[in-house]
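J.: Take a look at this one; I'll ask things after.
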Amino acid sequence: MNQSRVLTPDSCLLTPDMEPERYELFEEPRYQFDPDRREFLRVAGGGILVCLVLGEAFAQQRPGQGRGRGGLGGGGTQELGARLHIGETGEVTVYTGKVEVGQGSRTSLSQVVAEELRLPISAIRLVMADTDLTPNDGGTSGSGTTPRTAPQLRRAAAAARELLIDFAAEQAKVERGSLVVADGSITHPPTQRSFTFGQLTKGKKLTKTIAEGLAVTPATDWKVAGTSVPKVDGRALVTGKHIYASDVKLPGMLHGKVLRPATLKATLASVNLKDAEALPGVTVVRDGEFIGVAAANVHQAEQALAAIQAEWKSEPQPSDTELFDSLKKDRGGAQGFGGRSSPSQGSIEQGLAAADHKLQATYTVAYIAHAPLEPRAAVAEWKDGKLTVWTGTQQPFGVRGSLAGAFGIAQERVRVIVPDTGSGYGGKHSGEAAIEAARLAKAAGKPVKLVWTREEEFTWAYFRPAGVIEVNSGIRKDGTITAWEFHNYNSGGSAIAPLYDIPHQRNESHSSRYPLRQGSYRSLAATANHFARESHIDDLAHAVALDPLEFRLKNLKNERLRAVLEAAAKQFGWGKAKAAPAHGFGIAGGSDKGSYVATCAEVSIDRSSGRVEIVKLVTAFECGAVLNPDNLKNQVEGAVVMGLGGALFEAIRFADGKILNASFSRYRVPRFSDVPVLETVLLDRKDLPSAGAGETPIVAVAPAIGNAIFQATGNRLRSLPMVPNGLKV
């Protein structure tokens, strides 16, 4: 094979032109294989096709990443993206490049379309994440589906509705203002004449192009959007009928396995494939650094893999015990992972000079794993010169580009289909399994399924970045913050700027040379930055003997953050119960990606064992106009439970190039017994645009718990996880 180059798994591209909340990790192809070429043509059917001029999606992909249907090329020329089709029988099909990874977007996006077309949600068929059929919506990350894609679909549906009204007015010879749209029909009440959508579209092949500015239904008038409709396809998910990528079956399909290095960053010194090649029905592939097998079933593939004799060359690598010293000392370039530093204001020196109390502290955050319910999986098929891959990814068009790059073919010859996926949390931007399955399928001449084991997922996927955060602050006796200096090393700049009113501040994100592969994680660095900031704010409140809530409100002008802090405190009963030895209360708040959160925590400490029990967590959340209250509550509580793990015990342990806890038996995630009483308060701001909700609720969990532990014990815990082995008091 002609191996042109090999890129390490650490290779990634962070697009520096993006805003911090829109940073994404795009995996470059680790392998590049022999090329071939072919073009293909797609034909649309009759009916009404509504398209939007696309501009925003391009801002989410890197230059030259490629063009999906309705995507944008590297030159930046605007094109049309098909969004909605009403067929000749009245069926409504909607297209989006976004994926459903458990956040409920299939339901909420269907709701906004149903709202504008005055239809029940059951009448909407949503096609998601198929690179042959859908526009390139820039991937599913950064809580961007609700604020960016939902408005596009709303405008497409509104345009279709207005066009149908025009058709009905023309046929009935009446004023369009006298027509009523409801339940798939347009009716003229005075004459009782009625036309179904299918009757109005039959025989027509029209494409309606709309730009920005079309009026949509205001949130105050919503009938379908804004309500708690049941989850679309929910029955299939709970009964096991849903087909995940790991469930896809094709005729003649084989099962693949890939040889992994003995340690992280190891290189292949020698390999003997003869024993594996001698096994009947087994295809063995070596292409540069890629070595894999395909067989009729998983057991045979595992046997073939075990028959390969390989020797690896490894260099000395650091352990987790050295992690934080190395991140601080081994600095990289001027920009940290996942965001930018915020502009400075005032003078730190003047702010400290004006302070009556000064406080310096260092906080650390460990590497943690995404631990998705569904590990990486892909089924690949080469047919008629075209590659089709079914895989679970948050970046279907990014993975399509990686596949095209790996095999040296045009992107138009690659199709990526993403079935609704068993969670991602920012961990499925890359397409390793897709590339591996495709290489094996090409060699075998048959479709190949490849599913990572749990150990592979823990070892070879990327982690949430570890970090070191240093804070230097000043405060007056009356509780006014005068100075705030904040430095994050490695974990990133997301939500790094405080929302408190501080006249003198500097907030900087610094890159470091990191020992493990790292990438996007739910809310990026906002969790680390909020943990350090809200813990430090709590210490400042105690330094001047002010109630932590009172102190926050005193230094706060942001009314949205004030509202969630007050709502959480009211629901929690803040101040009504007094702290006691081994029993405490904490509060924290913050904002990320356009939404606001506050969490109150109650903890109890077992003095004999040091075990920390989280008794109750109350979360108030505001993300503008709420699209689906029940689903939003699920998102908030899911993020809170996930936040428990990173706050209390989740951490990747590593030494000598090996992950030491690469299984659920050794990597501690939250269990049912860990989950406290959860109460959620939703602030529905119908006067504000809807923002995404999948990430922000996680950011206040750790500091609220840490602040409660401090109140109960007087012990300030400044490292995440806080109690991996219990708390000794």
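As shown in the structure tokens, the chain order sets the letters A, B, ...; within each chain, residues go from 1, and ligands are also counted from 1 in the order they appear.
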Per DSSP on the backbone, what are the alpha helix (DSSP H) residues of region 287-318 of chain A, as a list in words?

T.: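 Output for region 287-318 of chain A, alpha helix (DSSP H) only: Val298, His299, Gln300, Ala301, Glu302, Gln303, Ala304, Leu305 and Ala306 of chain A.
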
J.: Grab the residues selected above and save them as a short mmCIF file (atom, residue, chain, number, x, y, z; two decimals), in the first residue's frame with C-alpha atoms.

T.:
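Output file result_14.cif is given in full below:
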data_model
loop_
_atom_site.label_atom_id
_atom_site.label_comp_id
_atom_site.auth_asym_id
_atom_site.auth_seq_id
_atom_site.Cartn_x
_atom_site.Cartn_y
_atom_site.Cartn_z
CA VAL A 298 -16.56 -11.16 16.82
CA HIS A 299 -15.08 -14.27 18.46
CA GLN A 300 -13.17 -15.24 15.31
CA ALA A 301 -11.94 -11.67 14.90
CA GLU A 302 -10.67 -11.69 18.50
CA GLN A 303 -8.90 -15.01 17.90
CA ALA A 304 -7.22 -13.61 14.80
CA LEU A 305 -6.13 -10.50 16.67
CA ALA A 306 -4.68 -12.62 19.47
#

J.: Can you tell me which residues surround Leu268 (chain A) at a distance of at most 10 Å, considering only C-alpha atoms, apart from same-chain residues fewer than 5 positions away, and format the answer as a PyMOL selection string?

T.: chain A and resi 260-262+288-290+310-314

J.: If you keep N, CA and C atoms, can you produce a file of those selected residues as an mmCIF file, in the first residue's frame?

T.:
data_model
loop_
_atom_site.group_PDB
_atom_site.id
_atom_site.type_symbol
_atom_site.label_atom_id
_atom_site.label_comp_id
_atom_site.auth_asym_id
_atom_site.auth_seq_id
_atom_site.Cartn_x
_atom_site.Cartn_y
_atom_site.Cartn_z
ATOM 1 N N ARG A 260 -4.137 -2.621 18.780
ATOM 2 C CA ARG A 260 -3.806 -1.383 19.487
ATOM 3 C C ARG A 260 -2.378 -1.451 20.024
ATOM 4 N N PRO A 261 -1.694 -0.323 20.106
ATOM 5 C CA PRO A 261 -0.350 -0.306 20.686
ATOM 6 C C PRO A 261 -0.344 -0.773 22.141
ATOM 7 N N ALA A 262 0.807 -1.230 22.586
ATOM 8 C CA ALA A 262 0.931 -1.721 23.960
ATOM 9 C C ALA A 262 0.779 -0.599 24.969
ATOM 10 N N GLY A 288 0.556 0.551 6.604
ATOM 11 C CA GLY A 288 1.329 1.477 7.414
ATOM 12 C C GLY A 288 1.189 1.133 8.883
ATOM 13 N N GLU A 289 0.716 2.072 9.674
ATOM 14 C CA GLU A 289 0.532 1.850 11.106
ATOM 15 C C GLU A 289 -0.773 1.120 11.416
ATOM 16 N N PHE A 290 -1.593 0.932 10.399
ATOM 17 C CA PHE A 290 -2.895 0.288 10.634
ATOM 18 C C PHE A 290 -2.768 -1.223 10.490
ATOM 19 N N ALA A 310 3.236 -8.881 17.889
ATOM 20 C CA ALA A 310 3.726 -7.520 17.638
ATOM 21 C C ALA A 310 4.641 -7.074 18.769
ATOM 22 N N GLU A 311 5.656 -6.319 18.403
ATOM 23 C CA GLU A 311 6.540 -5.692 19.376
ATOM 24 C C GLU A 311 6.451 -4.178 19.200
ATOM 25 N N TRP A 312 6.431 -3.458 20.326
ATOM 26 C CA TRP A 312 6.208 -2.022 20.313
ATOM 27 C C TRP A 312 7.378 -1.297 20.958
ATOM 28 N N LYS A 313 7.641 -0.114 20.472
ATOM 29 C CA LYS A 313 8.677 0.736 21.043
ATOM 30 C C LYS A 313 7.998 1.878 21.775
ATOM 31 N N SER A 314 8.306 2.009 23.060
ATOM 32 C CA SER A 314 7.683 3.040 23.892
ATOM 33 C C SER A 314 8.738 3.948 24.500
#

J.: Select, from A:Arg125, A:Lys658, A:Phe197, A:Gly142, the residue with the minimum atom-to-atom distance to Ile48 (chain A), counting only C-alpha atoms.

T.: A:Phe197

J.: Mind checking which residues fall within 7 Å of region 679-685 of chain A, counting only C-alpha atoms, ignoring those fewer than 2 positions away in the same chain, and posting them as a PyMOL selection string?

T.: chain A and resi 617-622+624-626+633+677+687-688

J.: Please produce an output containing N, CA, C and O atoms for each residue in the selection, written as an mmCIF file, in the first residue's frame.

T.:
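And here's part02.cif as it stands now:
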data_model
loop_
_atom_site.group_PDB
_atom_site.id
_atom_site.type_symbol
_atom_site.label_atom_id
_atom_site.label_comp_id
_atom_site.auth_asym_id
_atom_site.auth_seq_id
_atom_site.Cartn_x
_atom_site.Cartn_y
_atom_site.Cartn_z
ATOM 1 N N LEU A 617 -29.909 18.558 45.934
ATOM 2 C CA LEU A 617 -29.426 19.564 44.991
ATOM 3 C C LEU A 617 -30.629 20.249 44.361
ATOM 4 O O LEU A 617 -31.510 19.590 43.797
ATOM 5 N N VAL A 618 -30.668 21.553 44.456
ATOM 6 C CA VAL A 618 -31.727 22.345 43.824
ATOM 7 C C VAL A 618 -31.081 23.206 42.746
ATOM 8 O O VAL A 618 -30.121 23.931 43.013
ATOM 9 N N THR A 619 -31.604 23.111 41.543
ATOM 10 C CA THR A 619 -31.044 23.845 40.413
ATOM 11 C C THR A 619 -32.101 24.743 39.790
ATOM 12 O O THR A 619 -33.207 24.286 39.477
ATOM 13 N N ALA A 620 -31.766 26.011 39.626
ATOM 14 C CA ALA A 620 -32.608 26.943 38.864
ATOM 15 C C ALA A 620 -31.909 27.216 37.541
ATOM 16 O O ALA A 620 -30.700 27.482 37.515
ATOM 17 N N PHE A 621 -32.670 27.148 36.465
ATOM 18 C CA PHE A 621 -32.059 27.246 35.135
ATOM 19 C C PHE A 621 -32.902 28.125 34.235
ATOM 20 O O PHE A 621 -34.137 28.049 34.242
ATOM 21 N N GLU A 622 -32.215 28.960 33.453
ATOM 22 C CA GLU A 622 -32.892 29.854 32.511
ATOM 23 C C GLU A 622 -32.151 29.859 31.192
ATOM 24 O O GLU A 622 -30.953 30.120 31.142
ATOM 25 N N GLY A 624 -33.783 31.300 28.179
ATOM 26 C CA GLY A 624 -34.700 31.988 27.280
ATOM 27 C C GLY A 624 -36.038 31.284 27.249
ATOM 28 O O GLY A 624 -36.505 30.717 28.238
ATOM 29 N N ALA A 625 -36.688 31.315 26.086
ATOM 30 C CA ALA A 625 -37.988 30.662 25.919
ATOM 31 C C ALA A 625 -37.804 29.151 25.912
ATOM 32 O O ALA A 625 -37.005 28.616 25.144
ATOM 33 N N VAL A 626 -38.545 28.451 26.742
ATOM 34 C CA VAL A 626 -38.411 27.002 26.885
ATOM 35 C C VAL A 626 -39.191 26.297 25.777
ATOM 36 O O VAL A 626 -40.388 26.535 25.605
ATOM 37 N N LYS A 633 -36.106 19.778 31.738
ATOM 38 C CA LYS A 633 -35.856 19.273 33.086
ATOM 39 C C LYS A 633 -34.976 18.030 33.037
ATOM 40 O O LYS A 633 -34.058 17.873 33.853
ATOM 41 N N VAL A 677 -31.801 13.897 46.375
ATOM 42 C CA VAL A 677 -33.054 14.534 45.974
ATOM 43 C C VAL A 677 -32.707 15.655 44.999
ATOM 44 O O VAL A 677 -31.842 16.492 45.278
ATOM 45 N N ASP A 687 -39.588 36.253 26.499
ATOM 46 C CA ASP A 687 -39.139 37.494 25.865
ATOM 47 C C ASP A 687 -37.721 37.375 25.311
ATOM 48 O O ASP A 687 -37.218 38.317 24.691
ATOM 49 N N LEU A 688 -37.080 36.214 25.518
ATOM 50 C CA LEU A 688 -35.707 36.006 25.062
ATOM 51 C C LEU A 688 -35.642 34.825 24.102
ATOM 52 O O LEU A 688 -36.425 33.869 24.223
#

J.: Taking only C-alpha atoms into account, which of A:Gly240, A:Pro689, A:Gly519, A:Gly638 comes nearest Gly427 (chain A)?

T.: A:Gly519

J.: Among region 516-665 of chain A, which residues does DSSP mark as strand (DSSP E) when it is run on the backbone? Keep the chain and numbering as in the structure and answer as a PyMOL selection string.

T.: chain A and resi 583-592+595-605+612-622+654-655+658-659

J.: Which one of A:Thr267, A:Asn490, A:Gln505, A:Thr482 sits closest to Gly346 (chain A) if you count only C-alpha atoms?

T.: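 Smallest separation from Gly346 (chain A) among the options: A:Gln505.
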
J.: From the list A:Ala582, A:Ala577, A:Met642, A:Ile417, which residue is nearest Ser609 (chain A) when using only C-alpha atoms?

T.: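 The closest residue to Ser609 (chain A) is A:Ala582.
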
J.: Using only C-alpha atoms, which of A:Gly584, A:Pro343, A:Gly234, A:Pro396 sits nearest Gly493 (chain A)?

T.: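 Of the candidates, the smallest distance to Gly493 (chain A) is held by A:Pro343.
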
J.: Give me the residues near Leu727 (chain A) as a VMD selection string, where near means some atom within 8 Å (using only C-alpha atoms) and where sequence neighbours in that chain fewer than 5 positions away do not count.

T.: chain A and resid 609 to 612

J.: I'd like the interatomic distance between CA of Leu644 (chain A) and CA of Leu678 (chain A), to a tenth of an Å.

T.: 11.9 Å
